[in-house]
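Worksheet for the structure shown next.
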Amino acid sequence: MRGPKEHHARPAIDPRFRSAALWHGPRTIAVVLSGTLDDGTAGLQAIKRCGGIAVVQDPADAREPSMPESALRHVAVDHRVDAAGLAGLLCALASSQEATAMPEVPDSLQHEAELMLNRGDPLEHLRHIGTPSTFVCPDCHGALWHIDGALPPRYRCHTGHGFSQRSLEHTLASARDDAIWNAFRAVQENAFLLEGMAKQRAHDDAAEAARMRTAAQMLTNQATVLQELLHSAPATVSG
């Protein structure tokens, strides 16, 4: 679908898990595998709240342990298994599941799903699940709301974009780097242009050419500062 991204990604795991939880409740078996950051944690919480089964790959067996570690830290996981044992476990779980009544769906999950699907009043959905934060959505620049009681902390805007605290930091860091690179490019291009103009004016207006060369040197100095900022910027948090 072309709906709002979660964790600056499409498709993302959390909305898939949330949808499965709302539609299938206790018949749902969800698995979080190897991956960076913490997509899947909130979705796995939704699975559990609707009576489903949560399975997580053992972080020691994962190429990227961050997602399994986050799930284990924040969710009452039913099964922790390595990749080799996953197929057998899923077959056993699927064959042993008994018919269970669908539990009452938590209002907060329903509001969050409706917000992502652009159904109803988005601000009304946000008022039911969160409070305004001091942050702006890096995807659409709308105000982000902090989801009440979410662990790990999560945020949503009225257009439906969603972030965990870690994915928000990762996305903002990327936007920070892009902004500095764009500034570096613009300043450098301005310096190149002035240098070319100075060469053209050198024969008929030496004073004006000198002014342009001075301005170009000032811009070159600014570009050097921006380049140093890029090289000294902290790395994004991916673990």
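Here's how to read the names in the structure tokens: chain A, B, ... by the order shown, residue numbers from 1 in each chain, ligand numbers from 1 in the order shown.
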Might you pull out every residue within 6 Å of range 38-54 of chain A, with only C-alpha atoms counted and same-chain residues fewer than 4 positions away left off, and present them as a PDB file with N, CA and C atoms, in the first residue's frame?
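Below you can see result20.pdb, which holds the result:
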ATOM      1  N   ILE A  13       7.105  -3.868   9.994  1.00  0.00           N
ATOM      2  CA  ILE A  13       6.568  -5.047  10.675  1.00  0.00           C
ATOM      3  C   ILE A  13       5.441  -4.685  11.640  1.00  0.00           C
ATOM      4  N   ASP A  14       5.584  -3.570  12.359  1.00  0.00           N
ATOM      5  CA  ASP A  14       4.589  -3.217  13.376  1.00  0.00           C
ATOM      6  C   ASP A  14       3.169  -3.128  12.824  1.00  0.00           C
ATOM      7  N   PHE A  17       1.847  -6.676  12.094  1.00  0.00           N
ATOM      8  CA  PHE A  17       1.496  -7.397  13.322  1.00  0.00           C
ATOM      9  C   PHE A  17       0.224  -6.825  13.947  1.00  0.00           C
ATOM     10  N   ARG A  18       0.111  -5.503  13.951  1.00  0.00           N
ATOM     11  CA  ARG A  18      -1.066  -4.863  14.563  1.00  0.00           C
ATOM     12  C   ARG A  18      -2.332  -5.276  13.822  1.00  0.00           C
ATOM     13  N   ALA A  21      -3.175  -8.841  14.660  1.00  0.00           N
ATOM     14  CA  ALA A  21      -3.723  -8.931  16.013  1.00  0.00           C
ATOM     15  C   ALA A  21      -5.194  -8.531  16.042  1.00  0.00           C
ATOM     16  N   GLY A  25      -6.607 -12.059  16.347  1.00  0.00           N
ATOM     17  CA  GLY A  25      -6.508 -12.234  17.782  1.00  0.00           C
ATOM     18  C   GLY A  25      -5.704 -13.439  18.217  1.00  0.00           C
ATOM     19  N   PRO A  26      -6.306 -14.364  18.979  1.00  0.00           N
ATOM     20  CA  PRO A  26      -5.569 -15.501  19.545  1.00  0.00           C
ATOM     21  C   PRO A  26      -5.107 -16.528  18.503  1.00  0.00           C
ATOM     22  N   THR A  28      -3.279 -15.764  16.027  1.00  0.00           N
ATOM     23  CA  THR A  28      -2.091 -15.187  15.409  1.00  0.00           C
ATOM     24  C   THR A  28      -0.814 -15.697  16.080  1.00  0.00           C
ATOM     25  N   ILE A  29       0.147 -16.084  15.249  1.00  0.00           N
ATOM     26  CA  ILE A  29       1.497 -16.415  15.713  1.00  0.00           C
ATOM     27  C   ILE A  29       2.449 -15.456  15.008  1.00  0.00           C
ATOM     28  N   ALA A  30       3.166 -14.673  15.761  1.00  0.00           N
ATOM     29  CA  ALA A  30       4.055 -13.666  15.182  1.00  0.00           C
ATOM     30  C   ALA A  30       5.495 -13.959  15.558  1.00  0.00           C
ATOM     31  N   MET A  67      16.674  -6.193  16.831  1.00  0.00           N
ATOM     32  CA  MET A  67      15.221  -6.388  16.890  1.00  0.00           C
ATOM     33  C   MET A  67      14.822  -7.498  17.857  1.00  0.00           C
ATOM     34  N   SER A  70      15.263  -6.190  21.449  1.00  0.00           N
ATOM     35  CA  SER A  70      14.219  -5.250  21.857  1.00  0.00           C
ATOM     36  C   SER A  70      12.923  -5.982  22.184  1.00  0.00           C
ATOM     37  N   ALA A  71      12.564  -6.952  21.359  1.00  0.00           N
ATOM     38  CA  ALA A  71      11.337  -7.713  21.612  1.00  0.00           C
ATOM     39  C   ALA A  71      11.408  -8.459  22.944  1.00  0.00           C
ATOM     40  N   VAL A  75       8.573  -7.389  25.659  1.00  0.00           N
ATOM     41  CA  VAL A  75       7.388  -8.225  25.424  1.00  0.00           C
ATOM     42  C   VAL A  75       7.506  -9.514  26.233  1.00  0.00           C
ATOM     43  N   VAL A  77       7.455 -12.712  25.863  1.00  0.00           N
ATOM     44  CA  VAL A  77       7.567 -13.627  24.729  1.00  0.00           C
ATOM     45  C   VAL A  77       7.229 -15.056  25.156  1.00  0.00           C
ATOM     46  N   ASP A  78       6.537 -15.784  24.280  1.00  0.00           N
ATOM     47  CA  ASP A  78       6.170 -17.171  24.571  1.00  0.00           C
ATOM     48  C   ASP A  78       7.282 -18.154  24.222  1.00  0.00           C
TER      49      ASP A  78
END
Considering only C-alpha atoms, give me a table of residues in range 127-195 of chain A that are at most 10 Å from range 105-111 of chain A, with the closest atom pair and distance in Å for each, as a Markdown table.
| residue | atom | partner | partner_atom | distance |
| --- | --- | --- | --- | --- |
| A:Arg127 | CA | A:His111 | CA | 9.5 |
| A:His128 | CA | A:Ser108 | CA | 6.8 |
| A:Ile129 | CA | A:Ser108 | CA | 5.6 |
| A:Gly130 | CA | A:Ser108 | CA | 9.3 |
| A:Ile147 | CA | A:Ser108 | CA | 9.4 |
| A:Asp148 | CA | A:Ser108 | CA | 9.4 |
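Contact shell of Leu33 in chain A at 8 Å (only C-alpha atoms; same-chain neighbours under 5 positions omitted): Val56, Gln57, Ala62, Met67 and Pro68 of chain A.
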Write the residues of the selection above to a file with N, CA and C atoms, as a short mmCIF file (atom, residue, chain, number, x, y, z; two decimals), in the first residue's frame.
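result_30.cif written:
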data_model
loop_
_atom_site.label_atom_id
_atom_site.label_comp_id
_atom_site.auth_asym_id
_atom_site.auth_seq_id
_atom_site.Cartn_x
_atom_site.Cartn_y
_atom_site.Cartn_z
N VAL A 56 10.32 -15.22 19.20
CA VAL A 56 11.46 -14.35 18.89
C VAL A 56 12.69 -15.22 18.63
N GLN A 57 13.42 -14.87 17.58
CA GLN A 57 14.69 -15.55 17.31
C GLN A 57 15.69 -15.22 18.41
N ALA A 62 21.09 -14.52 15.72
CA ALA A 62 20.70 -13.54 14.70
C ALA A 62 21.90 -12.78 14.15
N MET A 67 16.67 -6.19 16.83
CA MET A 67 15.22 -6.39 16.89
C MET A 67 14.82 -7.50 17.86
N PRO A 68 15.46 -8.67 17.80
CA PRO A 68 15.11 -9.69 18.80
C PRO A 68 15.37 -9.24 20.23
#
#### Entry: Those of range 3-237 of chain A in DSSP alpha helix (DSSP H), formatted as a PyMOL selection string
chain A and resi 13-24+41-49+66-74+83-96+107-116+122-129+165-201+206-232
How would the residues just chosen look if you wrote them out with C-alpha atoms as a tab-separated table (two decimals), in the first residue's frame?
chain	number	residue	atom	x	y	z
A	13	ILE	CA	6.57	-5.05	10.67
A	14	ASP	CA	4.59	-3.22	13.38
A	15	PRO	CA	1.53	-2.36	11.21
A	16	ARG	CA	1.48	-5.91	9.81
A	17	PHE	CA	1.50	-7.40	13.32
A	18	ARG	CA	-1.07	-4.86	14.56
A	19	SER	CA	-3.41	-5.70	11.70
A	20	ALA	CA	-3.04	-9.43	12.31
A	21	ALA	CA	-3.72	-8.93	16.01
A	22	LEU	CA	-6.91	-6.95	15.35
A	23	TRP	CA	-8.28	-9.37	12.75
A	24	HIS	CA	-7.20	-12.75	14.08
A	41	THR	CA	8.38	-4.78	19.26
A	42	ALA	CA	5.19	-2.68	19.38
A	43	GLY	CA	3.50	-5.04	16.94
A	44	LEU	CA	4.41	-8.04	19.07
A	45	GLN	CA	2.92	-6.25	22.09
A	46	ALA	CA	-0.31	-5.85	20.10
A	47	ILE	CA	-0.27	-9.58	19.29
A	48	LYS	CA	-0.01	-10.42	22.99
A	49	ARG	CA	-2.73	-7.93	24.00
A	66	SER	CA	18.85	-5.56	17.78
A	67	MET	CA	15.22	-6.39	16.89
A	68	PRO	CA	15.11	-9.69	18.80
A	69	GLU	CA	16.78	-8.07	21.81
A	70	SER	CA	14.22	-5.25	21.86
A	71	ALA	CA	11.34	-7.71	21.61
A	72	LEU	CA	12.69	-9.82	24.46
A	73	ARG	CA	13.23	-6.71	26.58
A	74	HIS	CA	9.72	-5.29	26.17
A	83	ALA	CA	16.55	-20.28	13.20
A	84	ALA	CA	17.11	-24.03	12.87
A	85	GLY	CA	14.29	-24.78	15.30
A	86	LEU	CA	11.82	-22.21	14.00
A	87	ALA	CA	10.04	-24.32	11.36
A	88	GLY	CA	9.40	-27.19	13.75
A	89	LEU	CA	8.10	-24.83	16.44
A	90	LEU	CA	5.71	-23.08	14.06
A	91	CYS	CA	4.35	-26.39	12.76
A	92	ALA	CA	3.78	-27.58	16.31
A	93	LEU	CA	2.08	-24.34	17.34
A	94	ALA	CA	-0.14	-24.25	14.26
A	95	SER	CA	-1.27	-27.86	14.70
A	96	SER	CA	-1.94	-27.52	18.40
A	107	ASP	CA	-9.42	0.86	22.12
A	108	SER	CA	-5.88	2.19	21.77
A	109	LEU	CA	-4.98	-0.45	19.18
A	110	GLN	CA	-8.12	0.28	17.21
A	111	HIS	CA	-7.47	4.02	17.22
A	112	GLU	CA	-3.86	3.51	16.12
A	113	ALA	CA	-4.90	1.20	13.28
A	114	GLU	CA	-7.59	3.62	12.11
A	115	LEU	CA	-5.10	6.47	12.18
A	116	MET	CA	-2.64	4.54	10.01
A	122	PRO	CA	-6.98	11.77	12.98
A	123	LEU	CA	-6.81	14.26	15.84
A	124	GLU	CA	-9.52	12.38	17.71
A	125	HIS	CA	-7.52	9.17	17.32
A	126	LEU	CA	-4.38	10.93	18.60
A	127	ARG	CA	-6.21	12.36	21.62
A	128	HIS	CA	-7.24	8.83	22.60
A	129	ILE	CA	-3.73	7.38	22.39
A	165	GLN	CA	12.33	6.53	19.94
A	166	ARG	CA	15.21	4.71	18.26
A	167	SER	CA	13.86	4.89	14.71
A	168	LEU	CA	13.10	8.59	15.24
A	169	GLU	CA	16.69	9.22	16.32
A	170	HIS	CA	17.96	7.28	13.31
A	171	THR	CA	15.73	9.22	10.90
A	172	LEU	CA	16.55	12.61	12.43
A	173	ALA	CA	20.26	11.84	12.23
A	174	SER	CA	19.89	11.05	8.54
A	175	ALA	CA	17.92	14.28	7.99
A	176	ARG	CA	20.62	16.18	9.88
A	177	ASP	CA	23.33	14.84	7.59
A	178	ASP	CA	21.25	15.58	4.48
A	179	ALA	CA	20.70	19.17	5.64
A	180	ILE	CA	24.41	19.76	6.21
A	181	TRP	CA	25.32	18.17	2.87
A	182	ASN	CA	22.78	20.42	1.10
A	183	ALA	CA	24.20	23.47	2.86
A	184	PHE	CA	27.74	22.41	1.91
A	185	ARG	CA	26.71	21.98	-1.73
A	186	ALA	CA	24.93	25.36	-1.88
A	187	VAL	CA	27.83	27.27	-0.30
A	188	GLN	CA	30.40	25.52	-2.50
A	189	GLU	CA	28.39	26.19	-5.68
A	190	ASN	CA	28.06	29.85	-4.70
A	191	ALA	CA	31.84	30.05	-4.27
A	192	PHE	CA	32.43	28.41	-7.68
A	193	LEU	CA	30.05	30.86	-9.34
A	194	LEU	CA	31.71	33.91	-7.78
A	195	GLU	CA	35.15	32.68	-8.77
A	196	GLY	CA	34.00	32.34	-12.38
A	197	MET	CA	32.42	35.79	-12.34
A	198	ALA	CA	35.60	37.28	-10.89
A	199	LYS	CA	37.63	35.89	-13.78
A	200	GLN	CA	35.19	37.42	-16.27
A	201	ARG	CA	35.33	40.86	-14.61
A	206	ALA	CA	39.49	44.87	-11.12
A	207	ALA	CA	37.86	46.22	-7.94
A	208	GLU	CA	34.64	44.31	-8.51
A	209	ALA	CA	36.60	41.16	-9.39
A	210	ALA	CA	38.56	41.47	-6.15
A	211	ARG	CA	35.31	41.84	-4.17
A	212	MET	CA	33.96	38.68	-5.79
A	213	ARG	CA	37.15	36.73	-5.04
A	214	THR	CA	36.96	37.84	-1.39
A	215	ALA	CA	33.33	36.74	-1.16
A	216	ALA	CA	34.22	33.43	-2.83
A	217	GLN	CA	37.01	32.82	-0.30
A	218	MET	CA	34.64	33.53	2.60
A	219	LEU	CA	32.21	30.97	1.19
A	220	THR	CA	35.01	28.45	0.72
A	221	ASN	CA	35.91	28.91	4.39
A	222	GLN	CA	32.26	28.29	5.33
A	223	ALA	CA	32.21	25.16	3.19
A	224	THR	CA	35.28	23.89	5.03
A	225	VAL	CA	33.51	24.37	8.37
A	226	LEU	CA	30.46	22.47	7.10
A	227	GLN	CA	32.66	19.67	5.83
A	228	GLU	CA	34.30	19.41	9.24
A	229	LEU	CA	30.84	19.21	10.84
A	230	LEU	CA	29.94	16.30	8.57
A	231	HIS	CA	33.13	14.42	9.42
A	232	SER	CA	32.74	15.00	13.16
### Message
If we count only C-alpha atoms and set the cut-off at 12 Å, which residues sit around Phe135 in chain A, ignoring sequence neighbours fewer than 5 positions away in its own chain? Please answer as a VMD selection string.
### Response
chain A and resid 140 to 146 154 to 157 163 165 168 to 169 172
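Between CA of Ser133 in chain A and CA of Asn118 in chain A the interatomic distance comes to 20.9 Å.
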### Query
Which distance in Å separates CA of His7 in chain A and CA of Gly162 in chain A, to one decimal?
6.0 Å
### Message
Give me, as a VMD selection string, the residues of range 63-141 of chain A that a backbone DSSP run labels strand (DSSP E).
### Response
chain A and resid 79 to 81 130 to 136
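Taking CA of Pro152 in chain A as the reference point, CA of Thr100 in chain A is found at 29.3 Å.
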